[in-house]
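Student: Sharing run.pdb (PDB, C-alpha atoms and all ligand atoms) below.
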```
MODEL        1
ATOM      1  CA  MET T 281     122.106 112.193 102.584  1.00  0.00           C
ATOM      2  CA  ARG T 282     118.985 110.753 100.911  1.00  0.00           C
ATOM      3  CA  ASP T 283     115.759 110.612 102.955  1.00  0.00           C
ATOM      4  CA  TYR T 284     113.850 107.324 102.692  1.00  0.00           C
ATOM      5  CA  SER T 285     111.642 107.995 105.727  1.00  0.00           C
ATOM      6  CA  LEU T 286     108.185 107.541 104.202  1.00  0.00           C
ATOM      7  CA  TYR T 287     108.407 105.298 101.137  1.00  0.00           C
ATOM      8  CA  VAL T 288     105.098 104.725  99.314  1.00  0.00           C
ATOM      9  CA  LEU T 289     104.616 102.052  96.666  1.00  0.00           C
ATOM     10  CA  THR T 290     101.800 102.632  94.185  1.00  0.00           C
ATOM     11  CA  ASP T 291      99.425  99.752  93.480  1.00  0.00           C
ATOM     12  CA  GLU T 292      96.310 100.109  91.316  1.00  0.00           C
ATOM     13  CA  HIS T 293      94.832  96.851  92.616  1.00  0.00           C
ATOM     14  CA  LEU T 294      94.735  98.122  96.198  1.00  0.00           C
ATOM     15  CA  SER T 295      93.874 101.756  95.488  1.00  0.00           C
ATOM     16  CA  ARG T 296      90.070 102.042  95.346  1.00  0.00           C
ATOM     17  CA  GLY T 297      90.349 102.857  91.619  1.00  0.00           C
ATOM     18  CA  LYS T 298      93.039 105.551  91.732  1.00  0.00           C
ATOM     19  CA  SER T 299      95.779 105.355  89.050  1.00  0.00           C
ATOM     20  CA  HIS T 300      99.510 105.051  89.735  1.00  0.00           C
ATOM     21  CA  VAL T 301      99.920 108.689  88.686  1.00  0.00           C
ATOM     22  CA  GLU T 302      97.126 109.949  90.952  1.00  0.00           C
ATOM     23  CA  LEU T 303      98.503 107.908  93.866  1.00  0.00           C
ATOM     24  CA  ALA T 304     102.002 109.289  93.326  1.00  0.00           C
ATOM     25  CA  ARG T 305     100.763 112.891  93.301  1.00  0.00           C
ATOM     26  CA  LEU T 306      98.517 112.457  96.341  1.00  0.00           C
ATOM     27  CA  ALA T 307     101.195 110.623  98.363  1.00  0.00           C
ATOM     28  CA  ALA T 308     103.826 113.218  97.434  1.00  0.00           C
ATOM     29  CA  GLU T 309     101.463 115.987  98.528  1.00  0.00           C
ATOM     30  CA  GLY T 310     101.116 114.156 101.851  1.00  0.00           C
ATOM     31  CA  GLY T 311     104.850 114.189 102.477  1.00  0.00           C
ATOM     32  CA  ALA T 312     106.073 110.890 101.017  1.00  0.00           C
ATOM     33  CA  ASP T 313     109.851 111.008 100.600  1.00  0.00           C
ATOM     34  CA  VAL T 314     109.996 108.192  98.049  1.00  0.00           C
ATOM     35  CA  ILE T 315     107.490 106.925  95.488  1.00  0.00           C
ATOM     36  CA  GLN T 316     107.944 103.496  93.971  1.00  0.00           C
ATOM     37  CA  LEU T 317     106.080 102.479  90.823  1.00  0.00           C
ATOM     38  CA  ARG T 318     105.314  98.792  91.240  1.00  0.00           C
ATOM     39  CA  ASP T 319     103.178  97.021  88.668  1.00  0.00           C
ATOM     40  CA  LYS T 320     103.366  93.419  87.485  1.00  0.00           C
ATOM     41  CA  HIS T 321     100.574  93.651  84.912  1.00  0.00           C
ATOM     42  CA  LEU T 322     101.115  96.662  82.635  1.00  0.00           C
ATOM     43  CA  GLU T 323     102.696  96.258  79.197  1.00  0.00           C
ATOM     44  CA  SER T 324     106.169  97.817  79.010  1.00  0.00           C
ATOM     45  CA  ARG T 325     105.024 100.752  76.862  1.00  0.00           C
ATOM     46  CA  GLN T 326     102.287 101.645  79.392  1.00  0.00           C
ATOM     47  CA  LEU T 327     104.643 101.156  82.339  1.00  0.00           C
ATOM     48  CA  TYR T 328     107.156 103.476  80.641  1.00  0.00           C
ATOM     49  CA  GLU T 329     104.554 106.172  79.985  1.00  0.00           C
ATOM     50  CA  THR T 330     103.331 105.911  83.581  1.00  0.00           C
ATOM     51  CA  ALA T 331     106.916 106.154  84.829  1.00  0.00           C
ATOM     52  CA  LEU T 332     107.494 109.285  82.736  1.00  0.00           C
ATOM     53  CA  GLU T 333     104.516 111.002  84.347  1.00  0.00           C
ATOM     54  CA  ILE T 334     105.478 109.982  87.883  1.00  0.00           C
ATOM     55  CA  SER T 335     109.069 111.069  87.240  1.00  0.00           C
ATOM     56  CA  LYS T 336     107.807 114.585  86.498  1.00  0.00           C
ATOM     57  CA  ILE T 337     105.563 114.633  89.592  1.00  0.00           C
ATOM     58  CA  CYS T 338     108.398 113.464  91.853  1.00  0.00           C
ATOM     59  CA  ARG T 339     110.765 116.073  90.443  1.00  0.00           C
ATOM     60  CA  GLN T 340     108.168 118.797  91.044  1.00  0.00           C
ATOM     61  CA  HIS T 341     107.759 117.655  94.665  1.00  0.00           C
ATOM     62  CA  ASP T 342     111.467 116.942  95.336  1.00  0.00           C
ATOM     63  CA  VAL T 343     110.593 113.293  96.025  1.00  0.00           C
ATOM     64  CA  LEU T 344     112.760 110.295  95.074  1.00  0.00           C
ATOM     65  CA  PHE T 345     111.307 108.097  92.330  1.00  0.00           C
ATOM     66  CA  ILE T 346     112.102 104.387  92.247  1.00  0.00           C
ATOM     67  CA  VAL T 347     110.853 101.842  89.711  1.00  0.00           C
ATOM     68  CA  ASN T 348     110.324  98.272  90.878  1.00  0.00           C
ATOM     69  CA  ASP T 349     112.152  95.480  88.999  1.00  0.00           C
ATOM     70  CA  ARG T 350     112.590  97.313  85.668  1.00  0.00           C
ATOM     71  CA  VAL T 351     115.956  99.094  85.406  1.00  0.00           C
ATOM     72  CA  ASP T 352     115.355  99.750  81.679  1.00  0.00           C
ATOM     73  CA  ILE T 353     112.217 101.710  82.425  1.00  0.00           C
ATOM     74  CA  ALA T 354     113.804 103.436  85.416  1.00  0.00           C
ATOM     75  CA  LEU T 355     116.657 104.709  83.221  1.00  0.00           C
ATOM     76  CA  ALA T 356     114.420 105.623  80.284  1.00  0.00           C
ATOM     77  CA  ALA T 357     112.044 107.589  82.520  1.00  0.00           C
ATOM     78  CA  LYS T 358     114.929 109.283  84.364  1.00  0.00           C
ATOM     79  CA  ALA T 359     113.879 107.783  87.706  1.00  0.00           C
ATOM     80  CA  ASP T 360     116.251 108.093  90.645  1.00  0.00           C
ATOM     81  CA  GLY T 361     116.656 104.347  90.915  1.00  0.00           C
ATOM     82  CA  VAL T 362     115.401 100.792  90.830  1.00  0.00           C
ATOM     83  CA  HIS T 363     114.376  98.283  93.491  1.00  0.00           C
ATOM     84  CA  VAL T 364     115.237  94.629  93.015  1.00  0.00           C
ATOM     85  CA  GLY T 365     114.529  91.509  95.017  1.00  0.00           C
ATOM     86  CA  GLN T 366     116.527  88.348  95.585  1.00  0.00           C
ATOM     87  CA  GLY T 367     114.981  86.880  92.433  1.00  0.00           C
ATOM     88  CA  ASP T 368     115.761  89.869  90.203  1.00  0.00           C
ATOM     89  CA  ILE T 369     118.906  90.946  88.356  1.00  0.00           C
ATOM     90  CA  PRO T 370     121.719  91.138  90.978  1.00  0.00           C
ATOM     91  CA  ALA T 371     122.725  94.543  92.314  1.00  0.00           C
ATOM     92  CA  ALA T 372     126.365  93.810  91.436  1.00  0.00           C
ATOM     93  CA  VAL T 373     125.409  93.464  87.762  1.00  0.00           C
ATOM     94  CA  LEU T 374     123.253  96.585  87.791  1.00  0.00           C
ATOM     95  CA  ARG T 375     126.023  98.620  89.407  1.00  0.00           C
ATOM     96  CA  LYS T 376     128.243  97.948  86.386  1.00  0.00           C
ATOM     97  CA  PHE T 377     126.035  99.877  83.982  1.00  0.00           C
ATOM     98  CA  VAL T 378     123.865 102.392  85.824  1.00  0.00           C
ATOM     99  CA  PRO T 379     124.957 106.032  86.349  1.00  0.00           C
ATOM    100  CA  PRO T 380     127.046 106.667  89.494  1.00  0.00           C
ATOM    101  CA  ASP T 381     124.249 108.382  91.435  1.00  0.00           C
ATOM    102  CA  PHE T 382     121.542 105.907  90.403  1.00  0.00           C
ATOM    103  CA  ILE T 383     119.900 104.316  93.456  1.00  0.00           C
ATOM    104  CA  ILE T 384     119.811 100.528  93.739  1.00  0.00           C
ATOM    105  CA  GLY T 385     117.550  99.198  96.474  1.00  0.00           C
ATOM    106  CA  VAL T 386     117.509  95.521  97.416  1.00  0.00           C
ATOM    107  CA  SER T 387     115.027  93.368  99.346  1.00  0.00           C
ATOM    108  CA  ALA T 388     116.634  91.300 102.111  1.00  0.00           C
ATOM    109  CA  GLY T 389     115.042  88.713 104.387  1.00  0.00           C
ATOM    110  CA  THR T 390     118.068  88.294 106.637  1.00  0.00           C
ATOM    111  CA  ALA T 391     121.071  90.261 107.833  1.00  0.00           C
ATOM    112  CA  GLU T 392     123.228  87.976 105.670  1.00  0.00           C
ATOM    113  CA  GLU T 393     121.284  88.917 102.528  1.00  0.00           C
ATOM    114  CA  ALA T 394     121.580  92.569 103.510  1.00  0.00           C
ATOM    115  CA  LEU T 395     125.350  92.274 103.897  1.00  0.00           C
ATOM    116  CA  ARG T 396     125.611  90.617 100.470  1.00  0.00           C
ATOM    117  CA  ALA T 397     123.545  93.442  98.955  1.00  0.00           C
ATOM    118  CA  GLU T 398     125.775  96.067 100.572  1.00  0.00           C
ATOM    119  CA  LYS T 399     128.896  94.350  99.202  1.00  0.00           C
ATOM    120  CA  ASP T 400     127.226  94.255  95.770  1.00  0.00           C
ATOM    121  CA  GLY T 401     126.810  98.029  95.829  1.00  0.00           C
ATOM    122  CA  ALA T 402     123.236  98.498  97.017  1.00  0.00           C
ATOM    123  CA  ASP T 403     122.319 101.976  98.264  1.00  0.00           C
ATOM    124  CA  TYR T 404     119.692 100.667 100.690  1.00  0.00           C
ATOM    125  CA  VAL T 405     118.193  97.362 101.771  1.00  0.00           C
ATOM    126  CA  ALA T 406     114.614  96.677 102.828  1.00  0.00           C
ATOM    127  CA  LEU T 407     113.763  94.028 105.407  1.00  0.00           C
ATOM    128  CA  SER T 408     111.143  92.113 103.464  1.00  0.00           C
ATOM    129  CA  PRO T 409     108.679  91.568 105.093  1.00  0.00           C
ATOM    130  CA  VAL T 410     108.930  92.899 108.631  1.00  0.00           C
ATOM    131  CA  PHE T 411     105.328  91.922 109.459  1.00  0.00           C
ATOM    132  CA  ASP T 412     102.827  89.617 107.763  1.00  0.00           C
ATOM    133  CA  THR T 413     101.104  91.195 104.778  1.00  0.00           C
ATOM    134  CA  SER T 414      98.335  90.299 102.345  1.00  0.00           C
ATOM    135  CA  SER T 415      99.480  92.882  99.774  1.00  0.00           C
ATOM    136  CA  LYS T 416     102.055  90.601  98.168  1.00  0.00           C
ATOM    137  CA  ASP T 417     101.111  86.954  97.619  1.00  0.00           C
ATOM    138  CA  ASP T 418     104.635  85.515  97.928  1.00  0.00           C
ATOM    139  CA  ALA T 419     105.975  87.754 100.687  1.00  0.00           C
ATOM    140  CA  GLY T 420     106.345  84.998 103.296  1.00  0.00           C
ATOM    141  CA  CYS T 421     105.981  85.467 107.047  1.00  0.00           C
ATOM    142  CA  GLY T 422     107.017  88.641 108.812  1.00  0.00           C
ATOM    143  CA  ARG T 423     110.650  88.457 109.984  1.00  0.00           C
ATOM    144  CA  GLY T 424     109.996  90.684 112.952  1.00  0.00           C
ATOM    145  CA  ILE T 425     111.554  93.635 114.722  1.00  0.00           C
ATOM    146  CA  GLU T 426     114.505  91.603 116.036  1.00  0.00           C
ATOM    147  CA  GLU T 427     115.603  90.766 112.462  1.00  0.00           C
ATOM    148  CA  LEU T 428     115.349  94.476 111.660  1.00  0.00           C
ATOM    149  CA  LYS T 429     117.685  95.290 114.562  1.00  0.00           C
ATOM    150  CA  LYS T 430     120.122  92.554 113.437  1.00  0.00           C
ATOM    151  CA  MET T 431     120.054  93.901 109.879  1.00  0.00           C
ATOM    152  CA  LYS T 432     120.707  97.426 111.132  1.00  0.00           C
ATOM    153  CA  GLN T 433     123.721  96.141 113.057  1.00  0.00           C
ATOM    154  CA  ALA T 434     125.022  94.220 110.050  1.00  0.00           C
ATOM    155  CA  VAL T 435     125.233  96.951 107.399  1.00  0.00           C
ATOM    156  CA  SER T 436     126.207 100.614 107.126  1.00  0.00           C
ATOM    157  CA  ILE T 437     123.773 101.507 104.329  1.00  0.00           C
ATOM    158  CA  PRO T 438     120.189 102.604 105.092  1.00  0.00           C
ATOM    159  CA  VAL T 439     117.857  99.827 106.241  1.00  0.00           C
ATOM    160  CA  LEU T 440     114.183 100.201 105.391  1.00  0.00           C
ATOM    161  CA  ALA T 441     111.334  97.880 106.319  1.00  0.00           C
ATOM    162  CA  ILE T 442     108.311  96.763 104.312  1.00  0.00           C
ATOM    163  CA  GLY T 443     105.323  94.536 104.915  1.00  0.00           C
ATOM    164  CA  GLY T 444     102.280  95.111 107.101  1.00  0.00           C
ATOM    165  CA  ILE T 445     103.430  98.534 108.308  1.00  0.00           C
ATOM    166  CA  ASN T 446     100.605 100.836 109.411  1.00  0.00           C
ATOM    167  CA  LYS T 447      99.760 103.641 111.839  1.00  0.00           C
ATOM    168  CA  ASP T 448      99.730 101.200 114.782  1.00  0.00           C
ATOM    169  CA  ASN T 449     103.241  99.756 114.321  1.00  0.00           C
ATOM    170  CA  ILE T 450     105.233 102.350 112.335  1.00  0.00           C
ATOM    171  CA  LYS T 451     106.622 103.958 115.495  1.00  0.00           C
ATOM    172  CA  GLU T 452     107.982 100.561 116.607  1.00  0.00           C
ATOM    173  CA  VAL T 453     109.655 100.095 113.211  1.00  0.00           C
ATOM    174  CA  ILE T 454     111.351 103.492 113.307  1.00  0.00           C
ATOM    175  CA  ALA T 455     112.285 103.167 117.003  1.00  0.00           C
ATOM    176  CA  ALA T 456     114.000  99.859 116.130  1.00  0.00           C
ATOM    177  CA  GLY T 457     116.317 101.809 113.837  1.00  0.00           C
ATOM    178  CA  ALA T 458     114.679 101.602 110.414  1.00  0.00           C
ATOM    179  CA  ASP T 459     115.761 104.465 108.163  1.00  0.00           C
ATOM    180  CA  GLY T 460     112.424 104.315 106.421  1.00  0.00           C
ATOM    181  CA  ALA T 461     109.055 102.615 106.320  1.00  0.00           C
ATOM    182  CA  ALA T 462     107.816 101.314 102.961  1.00  0.00           C
ATOM    183  CA  VAL T 463     104.076 100.951 102.666  1.00  0.00           C
ATOM    184  CA  ILE T 464     101.318 100.145 100.235  1.00  0.00           C
ATOM    185  CA  SER T 465      97.912  99.660 101.851  1.00  0.00           C
ATOM    186  CA  ALA T 466      98.375 102.015 104.822  1.00  0.00           C
ATOM    187  CA  VAL T 467      98.440 104.860 102.270  1.00  0.00           C
ATOM    188  CA  VAL T 468      97.253 103.646  98.884  1.00  0.00           C
ATOM    189  CA  SER T 469      94.126 101.837 100.108  1.00  0.00           C
ATOM    190  CA  GLN T 470      92.918 104.734 102.250  1.00  0.00           C
ATOM    191  CA  GLU T 471      90.069 107.036 101.245  1.00  0.00           C
ATOM    192  CA  ASP T 472      92.277 110.100 101.707  1.00  0.00           C
ATOM    193  CA  VAL T 473      95.744 109.112 100.436  1.00  0.00           C
ATOM    194  CA  THR T 474      97.296 112.508 101.184  1.00  0.00           C
ATOM    195  CA  ALA T 475      96.013 112.552 104.768  1.00  0.00           C
ATOM    196  CA  ALA T 476      97.169 108.947 105.335  1.00  0.00           C
ATOM    197  CA  ALA T 477     100.678 109.787 104.120  1.00  0.00           C
ATOM    198  CA  ALA T 478     100.796 112.929 106.247  1.00  0.00           C
ATOM    199  CA  SER T 479      99.654 110.996 109.304  1.00  0.00           C
ATOM    200  CA  LEU T 480     102.370 108.322 108.908  1.00  0.00           C
ATOM    201  CA  LYS T 481     104.964 111.065 108.330  1.00  0.00           C
ATOM    202  CA  ARG T 482     103.885 112.764 111.576  1.00  0.00           C
ATOM    203  CA  LEU T 483     104.307 109.474 113.473  1.00  0.00           C
ATOM    204  CA  ILE T 484     107.812 109.036 112.040  1.00  0.00           C
ATOM    205  CA  THR T 485     108.713 112.574 113.061  1.00  0.00           C
ATOM    206  CA  GLU T 486     107.316 112.032 116.572  1.00  0.00           C
ATOM    207  CA  VAL T 487     109.597 109.019 117.128  1.00  0.00           C
ATOM    208  CA  ARG T 488     112.654 110.789 115.816  1.00  0.00           C
ATOM    209  CA  GLY T 489     111.888 113.975 117.732  1.00  0.00           C
ATOM    210  CA  THR T 490     112.784 115.990 114.645  1.00  0.00           C
TER     211      THR T 490
HETATM  212  C1  LIG P 501     111.048  99.013  99.200  1.00  0.00           C
HETATM  213  C2  LIG P 501     110.717  97.662  98.693  1.00  0.00           C
HETATM  214  N1  LIG P 501     111.037  96.570  99.450  1.00  0.00           N
HETATM  215  C3  LIG P 501     110.747  95.333  98.980  1.00  0.00           C
HETATM  216  C4  LIG P 501     110.140  95.176  97.749  1.00  0.00           C
HETATM  217  C5  LIG P 501     109.857  93.793  97.203  1.00  0.00           C
HETATM  218  O1  LIG P 501     110.656  93.608  96.079  1.00  0.00           O
HETATM  219  P1  LIG P 501     110.761  92.154  95.449  1.00  0.00           P
HETATM  220  O2  LIG P 501     111.275  91.209  96.480  1.00  0.00           O
HETATM  221  O3  LIG P 501     111.531  92.250  94.189  1.00  0.00           O
HETATM  222  O4  LIG P 501     109.259  91.765  95.114  1.00  0.00           O
HETATM  223  P2  LIG P 501     108.293  92.520  94.083  1.00  0.00           P
HETATM  224  O5  LIG P 501     107.961  93.858  94.713  1.00  0.00           O
HETATM  225  O6  LIG P 501     109.054  92.696  92.803  1.00  0.00           O
HETATM  226  O7  LIG P 501     107.098  91.614  93.957  1.00  0.00           O
HETATM  227  C6  LIG P 501     109.840  96.300  96.994  1.00  0.00           C
HETATM  228  N2  LIG P 501     109.247  96.182  95.781  1.00  0.00           N
HETATM  229  N3  LIG P 501     110.128  97.541  97.469  1.00  0.00           N
HETATM  230  C1  LIG P 502     105.702  94.961  97.798  1.00  0.00           C
HETATM  231  C2  LIG P 502     105.986  94.147  99.006  1.00  0.00           C
HETATM  232  N1  LIG P 502     107.147  93.449  99.145  1.00  0.00           N
HETATM  233  C3  LIG P 502     107.201  92.785 100.267  1.00  0.00           C
HETATM  234  C4  LIG P 502     108.321  91.893 100.622  1.00  0.00           C
HETATM  235  O1  LIG P 502     108.278  91.304 101.722  1.00  0.00           O
HETATM  236  O2  LIG P 502     109.217  91.769  99.771  1.00  0.00           O
HETATM  237  S1  LIG P 502     105.829  92.988 101.243  1.00  0.00           S
HETATM  238  C5  LIG P 502     105.137  94.014 100.077  1.00  0.00           C
HETATM  239  C6  LIG P 502     103.779  94.598 100.218  1.00  0.00           C
HETATM  240  C7  LIG P 502     103.684  95.628 101.283  1.00  0.00           C
HETATM  241  O3  LIG P 502     102.338  96.091 101.312  1.00  0.00           O
HETATM  242  P1  LIG P 502     101.615  96.557 102.668  1.00  0.00           P
HETATM  243  O4  LIG P 502     102.334  97.815 103.102  1.00  0.00           O
HETATM  244  O5  LIG P 502     100.210  96.813 102.235  1.00  0.00           O
HETATM  245  O6  LIG P 502     101.768  95.427 103.651  1.00  0.00           O
HETATM  246 MG    MG P 503     111.028  92.489  92.294  1.00  0.00          MG
ENDMDL
END
```
Can the structure in the file be given as structure tokens, please?

Tutor:
Amino acid sequence: MRDYSLYVLTDEHLSRGKSHVELARLAAEGGADVIQLRDKHLESRQLYETALEISKICRQHDVLFIVNDRVDIALAAKADGVHVGQGDIPAAVLRKFVPPDFIIGVSAGTAEEALRAEKDGADYVALSPVFDTSSKDDAGCGRGIEELKKMKQAVSIPVLAIGGINKDNIKEVIAAGADGAAVISAVVSQEDVTAAAASLKRLITEVRGT
């Protein structure tokens, strides 16, 4: 059973100058279970080289590595999977050509979108966004905890949540049934990335009592 509990997305625009690779290492050292490389600006060659380095770091730390949007780079860098949104290549198409154990994660704004993603072969869905966020320009308004509970009821695959999650609301997200919390600024924008990741991981563990 894969563990998506603390899912950290790297972002060099929100990171106080730290690189994707540094962020990945620091977050992994803090207990992140998943690292996602998400970058809309790098050229493909640079994104590939960055993905190669993060792939090695994640393997060393036994952490899942997901690449956002780019299945070509995910495969080439031997990442564990790709994350796609409603506007990206459909999960059903990806499933036809990726290796059997390759993870496909899908953003979903509603329980209906989550159900569609599950039928298309997604390994997890992420309620996107659960709360308002300024870290993604086109995220839209937070869908709220009730939509998270509906999504959890609707599908059998893991349901994560992303958007505006921080130390003050992560317990609520996990208590509502989320199988993982995906974050950018609550970890990546902090002075001590490792400590921020460790702190969120502790909060998740406190809720689960494990
Ligand atoms: C874990 C996770 N959830 C949601 C997203 C958002 O993906 P998407 O809708 O494709 O938007 P972009 O991130 O590509 O701007 C994500 N990346 N990761
Ligand atoms: C990458 C991303 N996707 C979202 C979606 O709703 O699809 S919200 C988001 C940004 C999350 O950043 P923070 O943890 O700083 O709010
Ligand atoms: Mg995308």

Student: Near region 382-389 of chain T, counting all atoms listed in the file, which residues have an atom at most 8 Å away, once you skip same-chain residues fewer than 4 positions from it, shown as a PyMOL selection string?

Tutor: chain T and resi 346+360-366+371+374-375+378+393-394+397+401-409+423

Student: Please expand the PyMOL selection byres (((chain T and resi 418) around 12) and not hetatm) into the concrete residues it hits in this file, giving the result as a PyMOL selection string.

Tutor: chain T and resi 365+367+408-409+412-417+419-422+443

Student: List the residues matched by the PyMOL selection byres (((chain T and resi 425) around 7) and not hetatm) in the displayed structure as JSON, numbers by chain, ordered by chain and then by residue number.

Tutor: {"T": [410, 424, 426, 427, 428, 429, 453, 456]}

Student: Mind checking which residues fall within 12 Å of Leu332 (chain T), counting only C-alpha atoms, ignoring those fewer than 3 positions away in the same chain, and posting them as a ChimeraX atom specification?

Tutor: /T:300-301,304,317,325-329,335-339,345-347,353-360

Student: Output C-alpha atoms of each residue in that selection to a file, as a compact mmCIF listing (two decimals), in the coordinates of the input.

Tutor:
```txt
# COMPACT_ATOMS: atom_id res chain seq x y z
CA HIS T 300 99.51 105.05 89.74
CA VAL T 301 99.92 108.69 88.69
CA ALA T 304 102.00 109.29 93.33
CA LEU T 317 106.08 102.48 90.82
CA ARG T 325 105.02 100.75 76.86
CA GLN T 326 102.29 101.64 79.39
CA LEU T 327 104.64 101.16 82.34
CA TYR T 328 107.16 103.48 80.64
CA GLU T 329 104.55 106.17 79.98
CA SER T 335 109.07 111.07 87.24
CA LYS T 336 107.81 114.58 86.50
CA ILE T 337 105.56 114.63 89.59
CA CYS T 338 108.40 113.46 91.85
CA ARG T 339 110.76 116.07 90.44
CA PHE T 345 111.31 108.10 92.33
CA ILE T 346 112.10 104.39 92.25
CA VAL T 347 110.85 101.84 89.71
CA ILE T 353 112.22 101.71 82.42
CA ALA T 354 113.80 103.44 85.42
CA LEU T 355 116.66 104.71 83.22
CA ALA T 356 114.42 105.62 80.28
CA ALA T 357 112.04 107.59 82.52
CA LYS T 358 114.93 109.28 84.36
CA ALA T 359 113.88 107.78 87.71
CA ASP T 360 116.25 108.09 90.64
```

Student: Calculate how many Å separate atom O7 of ligand LIG 501 (chain P) from CA of Met281 (chain T), rounding to one decimal.

Tutor: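 Pair atom O7 of ligand LIG 501 (chain P) / CA of Met281 (chain T) returns 26.9 Å.
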
Student: Reconstruct region 396-402 of chain T at the level of all heavy atoms, and format the result as a PDB file, keeping the file's coordinate frame.

Tutor:
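Here's the written file result-v1.pdb:
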```
ATOM      1  N   ARG T 396     125.281  90.963 101.866  1.00  0.00           N
ATOM      2  CA  ARG T 396     125.611  90.617 100.470  1.00  0.00           C
ATOM      3  C   ARG T 396     125.223  91.777  99.547  1.00  0.00           C
ATOM      4  O   ARG T 396     125.988  92.200  98.682  1.00  0.00           O
ATOM      5  CB  ARG T 396     124.856  89.345 100.089  1.00  0.00           C
ATOM      6  CG  ARG T 396     124.943  88.906  98.619  1.00  0.00           C
ATOM      7  CD  ARG T 396     126.254  88.276  98.276  1.00  0.00           C
ATOM      8  NE  ARG T 396     127.213  89.215  97.765  1.00  0.00           N
ATOM      9  CZ  ARG T 396     128.520  89.020  97.800  1.00  0.00           C
ATOM     10  NH1 ARG T 396     129.005  87.945  98.385  1.00  0.00           N
ATOM     11  NH2 ARG T 396     129.361  89.893  97.252  1.00  0.00           N
ATOM     12  N   ALA T 397     124.032  92.333  99.793  1.00  0.00           N
ATOM     13  CA  ALA T 397     123.545  93.442  98.955  1.00  0.00           C
ATOM     14  C   ALA T 397     124.455  94.660  99.103  1.00  0.00           C
ATOM     15  O   ALA T 397     124.815  95.314  98.121  1.00  0.00           O
ATOM     16  CB  ALA T 397     122.118  93.802  99.344  1.00  0.00           C
ATOM     17  N   GLU T 398     124.864  94.931 100.337  1.00  0.00           N
ATOM     18  CA  GLU T 398     125.775  96.067 100.572  1.00  0.00           C
ATOM     19  C   GLU T 398     127.088  95.865  99.818  1.00  0.00           C
ATOM     20  O   GLU T 398     127.579  96.759  99.137  1.00  0.00           O
ATOM     21  CB  GLU T 398     126.047  96.219 102.066  1.00  0.00           C
ATOM     22  CG  GLU T 398     126.936  97.403 102.408  1.00  0.00           C
ATOM     23  CD  GLU T 398     127.169  97.546 103.906  1.00  0.00           C
ATOM     24  OE1 GLU T 398     127.493  96.533 104.567  1.00  0.00           O
ATOM     25  OE2 GLU T 398     127.010  98.675 104.422  1.00  0.00           O
ATOM     26  N   LYS T 399     127.631  94.643  99.901  1.00  0.00           N
ATOM     27  CA  LYS T 399     128.896  94.350  99.202  1.00  0.00           C
ATOM     28  C   LYS T 399     128.721  94.466  97.685  1.00  0.00           C
ATOM     29  O   LYS T 399     129.670  94.794  96.963  1.00  0.00           O
ATOM     30  CB  LYS T 399     129.390  92.950  99.580  1.00  0.00           C
ATOM     31  CG  LYS T 399     129.940  92.869 101.010  1.00  0.00           C
ATOM     32  CD  LYS T 399     130.407  91.488 101.380  1.00  0.00           C
ATOM     33  CE  LYS T 399     131.044  91.496 102.797  1.00  0.00           C
ATOM     34  NZ  LYS T 399     130.866  90.189 103.466  1.00  0.00           N
ATOM     35  N   ASP T 400     127.499  94.191  97.216  1.00  0.00           N
ATOM     36  CA  ASP T 400     127.226  94.255  95.770  1.00  0.00           C
ATOM     37  C   ASP T 400     126.966  95.677  95.276  1.00  0.00           C
ATOM     38  O   ASP T 400     126.727  95.890  94.094  1.00  0.00           O
ATOM     39  CB  ASP T 400     126.012  93.382  95.428  1.00  0.00           C
ATOM     40  CG  ASP T 400     126.336  91.891  95.464  1.00  0.00           C
ATOM     41  OD1 ASP T 400     127.532  91.551  95.620  1.00  0.00           O
ATOM     42  OD2 ASP T 400     125.404  91.093  95.357  1.00  0.00           O
ATOM     43  N   GLY T 401     126.969  96.632  96.231  1.00  0.00           N
ATOM     44  CA  GLY T 401     126.810  98.029  95.829  1.00  0.00           C
ATOM     45  C   GLY T 401     125.428  98.612  95.988  1.00  0.00           C
ATOM     46  O   GLY T 401     125.118  99.662  95.399  1.00  0.00           O
ATOM     47  N   ALA T 402     124.587  97.949  96.771  1.00  0.00           N
ATOM     48  CA  ALA T 402     123.236  98.498  97.017  1.00  0.00           C
ATOM     49  C   ALA T 402     123.324  99.804  97.793  1.00  0.00           C
ATOM     50  O   ALA T 402     124.206  99.983  98.636  1.00  0.00           O
ATOM     51  CB  ALA T 402     122.394  97.490  97.796  1.00  0.00           C
TER      52      ALA T 402
END
```
